[in-house]
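Have a look at query.txt below; it lists compact mmCIF, C-alpha atoms.
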```txt
# COMPACT_ATOMS: atom_id res chain seq x y z
CA MET N 971 -15.21 -15.69 -7.15
CA VAL N 972 -14.16 -13.06 -4.62
CA GLU N 973 -16.47 -14.62 -2.04
CA ASP N 974 -14.82 -18.00 -2.64
CA LYS N 975 -11.47 -16.34 -2.09
CA ALA N 976 -12.72 -14.82 1.16
CA ALA N 977 -13.97 -18.24 2.27
CA ALA N 978 -10.67 -19.89 1.32
CA ILE N 979 -8.66 -17.27 3.23
CA LEU N 980 -10.90 -17.58 6.27
CA ALA N 981 -10.53 -21.37 6.24
CA ALA N 982 -6.74 -21.06 5.93
CA LEU N 983 -6.74 -18.73 8.94
CA GLY N 984 -8.20 -21.57 10.97
CA GLY N 985 -11.87 -20.71 10.47
CA GLY N 986 -14.14 -18.04 11.90
CA ASN N 987 -13.70 -18.99 15.55
CA ASN N 988 -9.93 -18.65 15.25
CA VAL N 989 -10.15 -15.06 14.00
CA VAL N 990 -10.22 -12.44 16.75
CA GLU N 991 -10.00 -9.42 14.50
CA ILE N 992 -9.48 -8.68 10.84
CA GLU N 993 -8.53 -5.25 9.56
CA PRO N 994 -7.78 -4.26 5.97
CA CYS N 995 -4.80 -2.10 5.15
CA ILE N 996 -4.20 -0.92 1.60
CA THR N 997 -2.30 -4.02 0.47
CA ARG N 998 -2.92 -6.57 3.21
CA LEU N 999 -5.26 -8.03 5.77
CA ARG N 1000 -4.05 -7.68 9.34
CA CYS N 1001 -5.55 -10.57 11.26
CA GLU N 1002 -5.35 -11.32 14.91
CA VAL N 1003 -5.88 -15.02 15.56
CA GLU N 1004 -6.59 -17.07 18.66
CA ASP N 1005 -4.21 -19.90 17.78
CA GLY N 1006 -1.37 -19.19 15.33
CA SER N 1007 -0.68 -22.90 14.80
CA ARG N 1008 -4.04 -23.26 13.04
CA VAL N 1009 -2.98 -20.83 10.30
CA ASP N 1010 -2.08 -22.63 7.08
CA GLU N 1011 0.35 -20.49 5.08
CA THR N 1012 0.37 -22.81 2.07
CA ALA N 1013 -3.42 -22.67 1.89
CA LEU N 1014 -3.30 -18.86 2.19
CA LYS N 1015 -0.95 -18.72 -0.78
CA SER N 1016 -3.10 -21.08 -2.85
CA ALA N 1017 -6.05 -18.84 -1.98
CA GLY N 1018 -4.22 -16.01 -3.75
CA ALA N 1019 -2.09 -14.38 -1.03
CA HIS N 1020 1.13 -12.85 -2.42
CA GLY N 1021 2.80 -13.36 0.91
CA VAL N 1022 2.20 -14.07 4.59
CA MET N 1023 3.98 -12.42 7.51
CA ARG N 1024 3.52 -13.55 11.08
CA GLN N 1025 4.34 -11.82 14.31
CA GLY N 1026 2.96 -13.61 17.35
CA SER N 1027 -0.82 -13.77 17.10
CA VAL N 1028 -0.86 -11.26 14.25
CA VAL N 1029 -0.86 -12.63 10.73
CA GLN N 1030 -0.54 -10.29 7.79
CA VAL N 1031 -1.92 -11.67 4.57
CA VAL N 1032 -0.73 -9.75 1.52
CA VAL N 1033 -3.56 -9.70 -0.98
CA GLY N 1034 -2.96 -6.46 -2.89
CA PRO N 1035 -5.49 -3.67 -3.40
CA GLU N 1036 -8.53 -5.93 -3.02
CA ALA N 1037 -7.82 -6.08 0.74
CA ASP N 1038 -10.74 -3.75 1.53
CA THR N 1039 -13.26 -5.83 -0.42
CA LEU N 1040 -11.91 -9.12 0.90
CA ALA N 1041 -12.00 -7.94 4.52
CA GLY N 1042 -15.63 -6.94 4.03
CA ASP N 1043 -16.47 -10.36 2.56
CA ILE N 1044 -14.66 -12.15 5.39
CA GLU N 1045 -16.51 -10.03 7.99
CA ASP N 1046 -19.76 -11.16 6.36
CA LEU N 1047 -18.71 -14.78 6.84
CA LEU N 1048 -17.84 -14.34 10.52
CA MET K 452 0.96 3.32 -24.62
CA SER K 453 3.36 4.35 -21.89
CA ILE K 454 2.25 6.34 -18.84
CA GLU K 455 4.66 8.64 -17.05
CA VAL K 456 4.60 8.26 -13.27
CA VAL K 457 5.64 11.31 -11.25
CA SER K 458 6.98 11.45 -7.73
CA PRO K 459 4.25 12.08 -5.13
CA VAL K 460 6.73 13.85 -2.82
CA SER K 461 10.03 15.73 -2.98
CA GLY K 462 13.04 13.90 -1.61
CA LEU K 463 15.68 11.28 -2.31
CA ALA K 464 14.83 8.52 -4.78
CA ALA K 465 15.75 4.98 -3.70
CA PRO K 466 15.27 1.39 -4.87
CA LEU K 467 12.10 -0.29 -3.61
CA GLY K 468 14.36 -2.93 -2.03
CA GLU K 469 15.44 -0.41 0.62
CA VAL K 470 11.93 -0.01 2.04
CA PRO K 471 11.77 -1.54 5.56
CA ASP K 472 8.67 -3.64 4.83
CA PRO K 473 8.83 -6.99 2.97
CA VAL K 474 5.55 -6.34 1.18
CA PHE K 475 7.26 -3.50 -0.68
CA SER K 476 10.93 -4.53 -0.62
CA GLN K 477 10.08 -7.93 -2.12
CA ALA K 478 7.65 -6.28 -4.56
CA MET K 479 4.80 -8.54 -3.39
CA VAL K 480 2.19 -6.11 -4.71
CA GLY K 481 4.22 -4.90 -7.70
CA PRO K 482 7.43 -3.19 -8.83
CA GLY K 483 8.33 0.46 -8.45
CA MET K 484 10.66 2.72 -6.47
CA ALA K 485 10.64 4.71 -3.25
CA VAL K 486 11.23 8.31 -2.19
CA LYS K 487 12.66 9.32 1.17
CA PRO K 488 10.76 12.58 1.62
CA ARG K 489 12.11 15.91 2.75
CA GLY K 490 10.94 16.88 6.20
CA GLY K 491 8.25 19.43 6.91
CA ARG K 492 4.56 19.55 6.11
CA SER K 493 3.77 19.24 2.41
CA ALA K 494 1.23 17.76 0.01
CA ALA K 495 1.65 14.33 -1.55
CA VAL K 496 0.42 14.51 -5.14
CA ALA K 497 -1.16 12.09 -7.60
CA PRO K 498 1.55 10.12 -9.46
CA ILE K 499 -0.60 9.74 -12.59
CA ALA K 500 -3.84 11.11 -14.01
CA GLY K 501 -6.83 8.90 -13.32
CA THR K 502 -9.40 7.97 -10.73
CA VAL K 503 -8.85 7.78 -6.97
CA ALA K 504 -9.43 4.03 -6.55
CA THR K 505 -8.54 3.71 -2.86
CA LEU K 506 -7.98 6.47 -0.36
CA HIS K 507 -6.74 6.19 3.20
CA PRO K 508 -5.13 9.11 5.06
CA HIS K 509 -1.76 7.30 4.89
CA ALA K 510 -1.96 5.71 1.43
CA PHE K 511 -3.81 5.95 -1.86
CA VAL K 512 -4.17 4.26 -5.23
CA ILE K 513 -4.73 6.15 -8.48
CA SER K 514 -6.05 4.05 -11.34
CA ALA K 515 -5.50 5.00 -14.98
CA GLY K 516 -7.72 2.16 -16.22
CA GLU K 517 -6.58 -0.69 -18.48
CA GLY K 518 -5.04 -2.43 -15.49
CA ILE K 519 -2.63 0.38 -14.61
CA ALA K 520 -2.85 1.55 -10.99
CA ILE K 521 -0.22 3.27 -8.87
CA LEU K 522 -0.05 2.89 -5.11
CA VAL K 523 1.54 5.58 -2.95
CA HIS K 524 2.18 4.69 0.69
CA LEU K 525 3.10 7.64 2.94
CA GLY K 526 5.57 6.11 5.36
CA ILE K 527 5.67 2.54 6.67
CA ASP K 528 3.15 1.15 9.18
CA THR K 529 1.50 4.57 9.17
CA VAL K 530 -1.93 2.90 9.38
CA LYS K 531 -1.12 2.89 13.12
CA LEU K 532 -1.43 6.69 13.21
CA THR K 533 -5.16 6.30 12.34
CA GLY K 534 -5.07 9.40 10.17
CA GLU K 535 -3.62 11.70 12.81
CA GLY K 536 -1.58 14.45 11.12
CA PHE K 537 -2.88 13.60 7.64
CA THR K 538 -5.26 15.93 5.76
CA VAL K 539 -7.08 14.37 2.82
CA HIS K 540 -7.85 16.68 -0.14
CA ALA K 541 -9.63 14.23 -2.45
CA ALA K 542 -12.33 11.57 -2.28
CA GLN K 543 -12.55 8.03 -3.56
CA GLY K 544 -13.88 8.09 -7.12
CA ASP K 545 -12.53 11.59 -7.90
CA THR K 546 -10.90 12.18 -11.25
CA VAL K 547 -7.49 13.73 -10.68
CA ARG K 548 -4.61 14.98 -12.81
CA ALA K 549 -0.99 13.99 -12.23
CA GLY K 550 0.54 16.37 -9.71
CA GLN K 551 -2.78 17.22 -8.02
CA ARG K 552 -2.50 17.25 -4.24
CA ILE K 553 -4.16 14.26 -2.56
CA VAL K 554 -3.00 14.23 1.09
CA SER K 555 -1.02 16.71 3.20
CA TRP K 556 1.26 15.27 5.86
CA ASP K 557 4.52 15.83 7.69
CA PRO K 558 7.25 13.17 7.26
CA THR K 559 9.17 14.63 10.21
CA GLU K 560 6.15 14.13 12.45
CA VAL K 561 5.78 10.51 11.24
CA GLU K 562 9.40 9.91 12.28
CA THR K 563 8.76 11.29 15.77
CA HIS K 564 6.39 8.31 16.18
CA GLY K 565 9.32 5.98 15.47
CA LEU K 566 8.08 5.11 11.98
CA SER K 567 9.87 5.34 8.64
CA SER K 568 8.59 8.14 6.39
CA VAL K 569 9.78 6.51 3.15
CA CYS K 570 7.16 6.46 0.39
CA PRO K 571 6.92 3.41 -1.88
CA VAL K 572 5.50 4.21 -5.34
CA VAL K 573 4.30 0.92 -6.79
CA ALA K 574 2.75 -0.17 -10.09
CA LEU K 575 0.20 -2.61 -8.65
CA GLU K 576 0.31 -6.14 -10.03
CA ALA K 577 2.53 -5.01 -12.91
CA GLY K 578 5.44 -7.02 -14.29
CA THR K 579 8.95 -5.63 -13.79
CA GLU K 580 9.38 -5.59 -17.59
CA MET K 581 6.52 -3.06 -17.85
CA LEU K 582 8.56 -0.38 -16.06
CA GLY K 583 11.05 1.94 -17.73
CA ASP K 584 13.24 4.97 -17.01
CA LEU K 585 13.31 4.09 -13.31
CA ARG K 586 14.83 6.73 -11.01
CA GLU K 587 16.35 5.04 -7.95
CA ASP K 588 18.79 7.65 -6.72
CA GLY K 589 19.25 11.40 -6.56
CA GLN K 590 16.90 14.17 -5.52
CA VAL K 591 13.45 14.31 -7.10
CA LEU K 592 10.75 16.93 -6.82
CA ALA K 593 7.06 16.20 -6.38
CA GLY K 594 5.62 16.08 -9.89
CA GLU K 595 8.90 15.00 -11.52
CA ALA K 596 8.94 11.77 -13.59
CA VAL K 597 10.31 8.72 -11.71
CA PHE K 598 9.37 5.88 -14.07
CA THR K 599 7.14 4.89 -16.94
CA VAL K 600 4.71 2.00 -17.06
CA GLU K 601 3.05 0.37 -20.04
```
File written out as structure tokens:
Amino acid sequence: MVEDKAAAILAALGGGNNVVEIEPCITRLRCEVEDGSRVDETALKSAGAHGVMRQGSVVQVVVGPEADTLAGDIEDLL
Amino acid sequence: MSIEVVSPVSGLAAPLGEVPDPVFSQAMVGPGMAVKPRGGRSAAVAPIAGTVATLHPHAFVISAGEGIAILVHLGIDTVKLTGEGFTVHAAQGDTVRAGQRIVSWDPTEVETHGLSSVCPVVALEAGTEMLGDLREDGQVLAGEAVFTVE
């Protein structure tokens, strides 16, 4: 289930080759992406994100306390 | 059963909506309140009794089980300090009592880095209706009740 969520989030971020870096904070994933236009906010929300904040090439995906686990699962998929 | 949540720091209680970070001000991870801490080095304490579920130098989550977990974030965007100036006194998985010191830090020092030192205290994934006796103004001391959650 969690792995599916990780896969869904990664896909919504534009896939593995669009992700430069992903770092978990306590409530969110801080992701640096190659191409911001490939990030699908609606898909991130359907994947379970409580919110999405964007600042240039940095996308913050609010996922709550499971951020650590999710970041680990996404790293495994990269 | 209702759990009393105590303030992790001494300072001025404020509504969560005043926190300069949408994740907290829009209660994306849950409802709660915030405390603008007094300056000077001090210990941030556990808001409830339970298990240390997550522990970073700048933030921690204490879980009481049965879905109740309280997040304390020491300042905003303080992940950028990569732990500098924070001393951790507990470990993930530790059983702690409410009021037990978890991390020592200096809110004044955080502000010298241009960051807010305000501390959101959030009941993770809880519904607003689960919170009671919310303190959102006035001075509070570390260890003093700021809300209840059930």
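Note that atom CA of Val554 of chain K and atom CA of Ala494 of chain K are 5.6 Å apart.
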Mind listing as a list in words which residues of chain K are within 8 Å of chain N, counting all atoms listed in the file?
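For chain K, the answer reads Val474, Met479, Val480, Thr505, His507, Ala510, Phe511, Val530, Leu575 and Glu576 of chain K.
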Within 8 Å of (-4.6, -21.8, 6.5) (file coordinates; all atoms listed in the file), which protein or nucleic acid residues are there? I'd like them as a list in words.
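Protein and nucleic acid residues near the point are Ile979, Leu980, Ala981, Ala982, Leu983, Gly984, Arg1008, Val1009, Asp1010, Glu1011, Thr1012, Ala1013 and Leu1014 of chain N.
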Residue subset to file, keeping C-alpha atoms, as an mmCIF file, keeping the file's coordinate frame:
```
data_model
loop_
_atom_site.group_PDB
_atom_site.id
_atom_site.type_symbol
_atom_site.label_atom_id
_atom_site.label_comp_id
_atom_site.auth_asym_id
_atom_site.auth_seq_id
_atom_site.Cartn_x
_atom_site.Cartn_y
_atom_site.Cartn_z
ATOM 1 C CA ILE N 979 -8.660 -17.270 3.230
ATOM 2 C CA LEU N 980 -10.900 -17.580 6.270
ATOM 3 C CA ALA N 981 -10.530 -21.370 6.240
ATOM 4 C CA ALA N 982 -6.740 -21.060 5.930
ATOM 5 C CA LEU N 983 -6.740 -18.730 8.940
ATOM 6 C CA GLY N 984 -8.200 -21.570 10.970
ATOM 7 C CA ARG N 1008 -4.040 -23.260 13.040
ATOM 8 C CA VAL N 1009 -2.980 -20.830 10.300
ATOM 9 C CA ASP N 1010 -2.080 -22.630 7.080
ATOM 10 C CA GLU N 1011 0.350 -20.490 5.080
ATOM 11 C CA THR N 1012 0.370 -22.810 2.070
ATOM 12 C CA ALA N 1013 -3.420 -22.670 1.890
ATOM 13 C CA LEU N 1014 -3.300 -18.860 2.190
#
```
field: Interatomic distance, atom CA of Gly583 of chain K to atom CA of Ala596 of chain K (Å, one decimal)
entry: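 Atom-to-atom, atom CA of Gly583 of chain K and atom CA of Ala596 of chain K are spaced 10.9 Å apart.
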**Message:** Using all atoms listed in the file, can you tell me which of K:Ile519, K:Leu525, K:Val600, K:Ala593 comes closest to Pro558 of chain K?
**Reply:**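 Using all atoms listed in the file, the shortest distance to Pro558 of chain K belongs to K:Leu525.
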In terms of all atoms listed in the file, the residue from K:Ile521, K:Leu506, K:Arg552, K:Gln477 at minimal distance from Leu582 of chain K is K:Ile521
List as a list in words the residues having at least one atom at most 10 Å from position (-9.1, -13.4, 16.9) as given in the file, counting all atoms listed in the file.
Leu983, Gly986, Asn987, Asn988, Val989, Val990, Glu991, Ile992, Cys1001, Glu1002, Val1003, Glu1004, Asp1005, Gly1006, Ser1027 and Val1028 of chain N
As a check of understanding: the span from atom CA of Ile513 of chain K to atom CA of Pro498 of chain K is 7.5 Å
- Can you list, as a ChimeraX atom specification, every protein, DNA or RNA residue that comes within 12 Å of Val561 of chain K when you count only C-alpha atoms, leaving out same-chain residues fewer than 3 positions away? /K:488-492,509,525-537,556-558,564-570
Of N:Gly1026, N:Gly1018, N:Lys975, N:Gly985, the one sitting nearest Gly1042 of chain N when using all atoms listed in the file is N:Lys975
- Message: Give me the residues near segment 544-546 of chain K as a VMD selection string, where near means some atom within 12 Å (using only C-alpha atoms) and where sequence neighbours in that chain fewer than 6 positions away do not count.
- Response: chain K and resid 497 499 to 506 511 to 516 553
**Selected residue of minimal separation from Arg1000 of chain N among N:Arg1024, N:Leu1048, N:Asp1043, N:Ala976, counting all atoms listed in the file** =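 Looking at the shortest contact to Arg1000 of chain N, the residue is N:Arg1024.
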(Q) Can you tell me which residues surround Pro466 of chain K at a distance of at most 10 Å, considering all atoms listed in the file, apart from same-chain residues fewer than 3 positions away, and format the answer as a VMD selection string? (A) chain K and resid 469 to 470 476 482 to 486 571 585 to 588
Quiz item: When distances are computed from only C-alpha atoms, which of K:Ala541, K:Val573, K:Val547, K:Leu522 shows the smallest separation from Ala478 of chain K?
Solution: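 Checking each of K:Ala541, K:Val573, K:Val547, K:Leu522 against Ala478 of chain K, counting only C-alpha atoms, the winner is K:Val573.
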Using the structure block above, produce a file of segment 475-520 of chain K that contains N, CA and C atoms, as a CSV table (one decimal), in the first residue's frame.
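Final output, selection-v8.csv:
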```csv
chain,number,residue,atom,x,y,z
K,475,PHE,N,1.3,24.4,8.4
K,475,PHE,CA,0.8,24.5,9.8
K,475,PHE,C,-0.4,25.4,9.9
K,476,SER,N,-0.3,26.6,9.2
K,476,SER,CA,-1.4,27.6,9.3
K,476,SER,C,-2.7,27.1,8.7
K,477,GLN,N,-2.6,26.2,7.7
K,477,GLN,CA,-3.8,25.7,7.1
K,477,GLN,C,-4.2,24.3,7.7
K,478,ALA,N,-3.4,24.0,8.8
K,478,ALA,CA,-3.7,22.7,9.5
K,478,ALA,C,-3.7,21.5,8.5
K,479,MET,N,-2.7,21.5,7.6
K,479,MET,CA,-2.7,20.4,6.6
K,479,MET,C,-2.3,19.0,7.3
K,480,VAL,N,-1.6,19.1,8.4
K,480,VAL,CA,-1.2,17.8,9.0
K,480,VAL,C,-2.0,17.6,10.3
K,481,GLY,N,-2.9,18.6,10.7
K,481,GLY,CA,-3.7,18.4,11.8
K,481,GLY,C,-3.9,19.8,12.6
K,482,PRO,N,-4.9,19.8,13.5
K,482,PRO,CA,-5.1,21.0,14.3
K,482,PRO,C,-4.2,21.1,15.5
K,483,GLY,N,-4.2,22.3,16.1
K,483,GLY,CA,-3.4,22.5,17.3
K,483,GLY,C,-3.3,24.0,17.6
K,484,MET,N,-2.1,24.4,18.1
K,484,MET,CA,-1.9,25.8,18.5
K,484,MET,C,-0.4,26.0,18.3
K,485,ALA,N,0.1,27.2,18.6
K,485,ALA,CA,1.5,27.5,18.5
K,485,ALA,C,2.0,28.3,19.7
K,486,VAL,N,3.3,28.2,20.0
K,486,VAL,CA,3.8,29.0,21.1
K,486,VAL,C,5.0,29.8,20.5
K,487,LYS,N,5.0,31.1,20.8
K,487,LYS,CA,6.2,31.9,20.4
K,487,LYS,C,7.1,31.9,21.6
K,488,PRO,N,8.2,31.1,21.5
K,488,PRO,CA,9.0,30.9,22.7
K,488,PRO,C,9.8,32.1,23.2
K,489,ARG,N,10.0,32.1,24.5
K,489,ARG,CA,10.9,33.1,25.1
K,489,ARG,C,12.3,32.8,24.6
K,490,GLY,N,13.1,33.9,24.5
K,490,GLY,CA,14.5,33.7,24.0
K,490,GLY,C,15.4,33.0,25.1
K,491,GLY,N,16.5,32.6,24.6
K,491,GLY,CA,17.5,32.0,25.5
K,491,GLY,C,17.5,30.5,25.4
K,492,ARG,N,18.6,29.9,25.7
K,492,ARG,CA,18.7,28.4,25.6
K,492,ARG,C,17.8,27.7,26.6
K,493,SER,N,17.0,26.8,26.2
K,493,SER,CA,16.2,26.0,27.1
K,493,SER,C,15.8,24.7,26.5
K,494,ALA,N,15.2,23.8,27.3
K,494,ALA,CA,14.8,22.5,26.8
K,494,ALA,C,13.3,22.5,26.3
K,495,ALA,N,13.1,21.9,25.1
K,495,ALA,CA,11.7,21.7,24.7
K,495,ALA,C,11.3,20.3,25.3
K,496,VAL,N,10.1,20.2,25.8
K,496,VAL,CA,9.7,19.0,26.5
K,496,VAL,C,8.6,18.3,25.8
K,497,ALA,N,8.5,17.0,26.2
K,497,ALA,CA,7.4,16.2,25.6
K,497,ALA,C,6.0,16.7,25.9
K,498,PRO,N,5.2,16.9,24.9
K,498,PRO,CA,3.8,17.4,25.2
K,498,PRO,C,2.9,16.4,25.8
K,499,ILE,N,3.1,15.2,25.6
K,499,ILE,CA,2.3,14.1,26.2
K,499,ILE,C,3.2,12.9,26.6
K,500,ALA,N,2.7,12.0,27.4
K,500,ALA,CA,3.4,10.8,27.7
K,500,ALA,C,3.3,9.8,26.5
K,501,GLY,N,4.3,9.1,26.2
K,501,GLY,CA,4.2,8.1,25.1
K,501,GLY,C,5.5,7.7,24.6
K,502,THR,N,5.6,7.4,23.3
K,502,THR,CA,6.8,6.9,22.6
K,502,THR,C,7.3,8.0,21.7
K,503,VAL,N,8.6,8.1,21.6
K,503,VAL,CA,9.2,9.0,20.6
K,503,VAL,C,9.1,8.4,19.3
K,504,ALA,N,8.1,8.8,18.4
K,504,ALA,CA,7.8,8.2,17.2
K,504,ALA,C,8.8,8.7,16.1
K,505,THR,N,9.1,10.0,16.1
K,505,THR,CA,10.0,10.6,15.1
K,505,THR,C,10.8,11.6,15.9
K,506,LEU,N,12.1,11.6,15.5
K,506,LEU,CA,13.0,12.6,16.2
K,506,LEU,C,14.0,13.2,15.3
K,507,HIS,N,13.9,14.5,15.1
K,507,HIS,CA,14.9,15.2,14.3
K,507,HIS,C,15.4,16.2,15.3
K,508,PRO,N,16.5,16.9,15.1
K,508,PRO,CA,17.0,17.9,16.0
K,508,PRO,C,16.0,19.0,16.2
K,509,HIS,N,15.3,19.4,15.0
K,509,HIS,CA,14.4,20.5,15.0
K,509,HIS,C,12.9,20.2,15.2
K,510,ALA,N,12.6,19.0,15.3
K,510,ALA,CA,11.2,18.6,15.4
K,510,ALA,C,11.0,17.2,15.9
K,511,PHE,N,9.9,16.9,16.6
K,511,PHE,CA,9.7,15.5,17.1
K,511,PHE,C,8.2,15.2,17.2
K,512,VAL,N,7.9,13.9,17.2
K,512,VAL,CA,6.5,13.4,17.3
K,512,VAL,C,6.5,12.5,18.5
K,513,ILE,N,5.6,12.7,19.4
K,513,ILE,CA,5.4,11.8,20.5
K,513,ILE,C,4.0,11.1,20.3
K,514,SER,N,4.0,9.8,20.3
K,514,SER,CA,2.8,9.0,20.0
K,514,SER,C,2.3,8.4,21.3
K,515,ALA,N,1.0,8.6,21.6
K,515,ALA,CA,0.4,8.0,22.8
K,515,ALA,C,-0.3,6.7,22.4
K,516,GLY,N,-0.2,6.3,21.2
K,516,GLY,CA,-1.0,5.1,20.7
K,516,GLY,C,-2.4,5.5,20.4
K,517,GLU,N,-3.2,4.5,20.0
K,517,GLU,CA,-4.6,4.7,19.6
K,517,GLU,C,-4.8,5.9,18.7
K,518,GLY,N,-3.8,6.1,17.8
K,518,GLY,CA,-4.0,7.1,16.8
K,518,GLY,C,-3.7,8.6,17.3
K,519,ILE,N,-3.3,8.7,18.5
K,519,ILE,CA,-3.0,10.1,19.0
K,519,ILE,C,-1.5,10.3,19.0
K,520,ALA,N,-1.1,11.3,18.2
K,520,ALA,CA,0.3,11.7,18.1
K,520,ALA,C,0.5,13.2,18.1
```
